[in-house]
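A quick write-up on the structure given underneath.
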Amino acid sequence: MMLYNNYATSVLKDLKTAIDDQIADFVELVKFPKNTLLLSPGQRNLYYYVVETGILVNYYIRDTEEVVTSFTFPGDIVADFRTAVFKIKSTDYIKALSPVTVYRISVADFDKLKKDNTILLELERKLIIAYALLLDERLRFIQHTTALERYQFLMDHYPQLIATVSIRYIASYIGVKVETLSRIRGKI
């Protein structure tokens, strides 16, 4: 996930410049309390969010269990890109795990603005590449490492995740049951 982090840092600098120079009038700062759902199944994704403070979790429900697909930290961008791009209803949740402050722009406003703005079109292209990198690294993370290696990676690179997020979310994210993660933590 290091390739994604390096690329995303570069893209976020471009996004900040775009917000300052191109779309400031369309961006709003919004605060959500802990456990707020920013998106639920059956809804369309109406906003792109950049997290200022707090942690969000993306997940879906499979057989009554939450399956975590990602966490979003300050500086990260979050949305259900499938619903934003294809204008379909979501099957996923985006939930605040803590009080969260985000910058948001509506998908509709961003779509209008980018039509005549090559800077925003280029930014969108970079965001799509960043998202593809994230998905590729997430897939490799799950397929090419053991549960112990995945947990160790999180401890080394995302200690704030380990310190602040419920064990059930972490277990789901690395693809194991809570009991298995408890055994792994007992070995470390």
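By order of appearance in the structure tokens: chains A, B, ..., then residues from 1 within every chain, and ligands from 1 in the order shown.
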
Secondary structure check, strand (DSSP E or B) residues of chain A, as an MDAnalysis selection string: chainID A and resid 28:32 37:39 47:53 56:62 65:72 77:78 93:96 100:106

Nearest to Ile105 in chain A by atom-to-atom distance, counting only C-alpha atoms, from A:Leu133, A:Ile142, A:Ile77, A:Val85: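 Checking each candidate against Ile105 in chain A, we get A:Ile77 as the closest.
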
All helix (DSSP H, G or I) positions in chain A, as a ChimeraX atom specification: /A:2-26,81-86,107-115,118-143,147-157,159-164,167-174,178-187

Length of the CA of Val30 in chain A to CA of Lys95 in chain A vector [Å]: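 About the pair CA of Val30 in chain A and CA of Lys95 in chain A: they are 14.4 Å apart.
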
Test item: residues at most 10 Å from range 181-188 of chain A, only C-alpha atoms, excluding those fewer than 3 positions along its chain, as an MDAnalysis selection string: chainID A and resid 147:149 151:152 167:168 170:172 174:178

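Picture a line from CA of Ser70 in chain A to CA of Val165 in chain A; it runs 12.1 Å.
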
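Look at Ile61 in chain A: the protein and nucleic acid residues within 12 Å of it, using only C-alpha atoms and passing over chain neighbours fewer than 6 places away, are Ser40, Pro41, Val67, Val68, Thr69, Ser90, Thr91, Asp92, Tyr93, Ile94 and Ser172 of chain A.
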
Any chance you can output those residues with C-alpha atoms as a PDB file, in the first residue's frame?
```pdb
ATOM      1  CA  SER A  40     -25.988   3.345   3.081  1.00  0.00           C
ATOM      2  CA  PRO A  41     -27.069   0.591   0.688  1.00  0.00           C
ATOM      3  CA  VAL A  67     -17.012  -6.961   5.738  1.00  0.00           C
ATOM      4  CA  VAL A  68     -14.581  -4.044   5.946  1.00  0.00           C
ATOM      5  CA  THR A  69     -13.095  -2.929   2.635  1.00  0.00           C
ATOM      6  CA  SER A  90     -24.734   1.725  -3.388  1.00  0.00           C
ATOM      7  CA  THR A  91     -24.399  -1.687  -1.803  1.00  0.00           C
ATOM      8  CA  ASP A  92     -21.945  -0.386   0.800  1.00  0.00           C
ATOM      9  CA  TYR A  93     -21.807   1.729   3.929  1.00  0.00           C
ATOM     10  CA  ILE A  94     -19.505   4.613   4.785  1.00  0.00           C
ATOM     11  CA  SER A 172     -12.677  -8.056   9.085  1.00  0.00           C
TER      12      SER A 172
END
```

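Taking CA of Thr64 in chain A as the reference point, CA of Leu97 in chain A is found at 19.3 Å.
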
Shortest interatomic distance to Leu161 in chain A - which of A:Gly54, A:Val102, A:Leu39, A:Thr180, counting only C-alpha atoms: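 For Leu161 in chain A, the nearest of the candidates is A:Gly54.
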
All residues 7 Å or closer to Lys89 in chain A, only C-alpha atoms, same chain fewer than 6 positions away omitted, as a list in words: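 Counting only the stated atoms, we get Pro41, Gly42, Gln43, Arg44 and Thr83 of chain A.
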
Taking all heavy atoms for each residue, export the selection above as a CSV table (one decimal), in the first residue's frame.
```csv
chain,number,residue,atom,x,y,z
A,41,PRO,N,-26.6,1.3,1.9
A,41,PRO,CA,-27.1,0.6,0.7
A,41,PRO,C,-28.4,1.2,0.2
A,41,PRO,O,-29.3,1.6,1.0
A,41,PRO,CB,-27.2,-0.8,1.2
A,41,PRO,CG,-26.2,-0.9,2.3
A,41,PRO,CD,-26.3,0.4,3.0
A,42,GLY,N,-28.6,1.2,-1.1
A,42,GLY,CA,-29.8,1.7,-1.7
A,42,GLY,C,-29.7,3.2,-2.0
A,42,GLY,O,-30.5,3.8,-2.7
A,43,GLN,N,-28.7,3.9,-1.4
A,43,GLN,CA,-28.5,5.3,-1.7
A,43,GLN,C,-27.5,5.5,-2.9
A,43,GLN,O,-26.7,4.7,-3.2
A,43,GLN,CB,-28.0,6.1,-0.5
A,43,GLN,CG,-28.9,6.1,0.7
A,43,GLN,CD,-28.2,6.8,1.9
A,43,GLN,OE1,-27.0,6.8,2.0
A,43,GLN,NE2,-29.0,7.5,2.7
A,44,ARG,N,-27.6,6.7,-3.5
A,44,ARG,CA,-26.6,7.1,-4.5
A,44,ARG,C,-25.6,8.0,-3.8
A,44,ARG,O,-25.9,8.7,-2.9
A,44,ARG,CB,-27.2,7.9,-5.6
A,44,ARG,CG,-28.0,6.9,-6.6
A,44,ARG,CD,-28.2,7.4,-8.0
A,44,ARG,NE,-27.2,8.3,-8.5
A,44,ARG,CZ,-27.5,9.5,-9.0
A,44,ARG,NH1,-28.7,10.0,-9.0
A,44,ARG,NH2,-26.5,10.3,-9.5
A,83,THR,N,-20.9,4.2,-7.5
A,83,THR,CA,-22.2,4.9,-7.6
A,83,THR,C,-22.0,6.3,-8.1
A,83,THR,O,-22.9,6.8,-8.8
A,83,THR,CB,-22.9,4.9,-6.2
A,83,THR,OG1,-22.2,5.8,-5.4
A,83,THR,CG2,-23.0,3.5,-5.6
```

Long-range neighbours of Tyr48 in chain A as a PyMOL selection string, 8 Å cut-off, only C-alpha atoms, 2 positions minimum in chain: chain A and resi 46+50+77-79+104-107
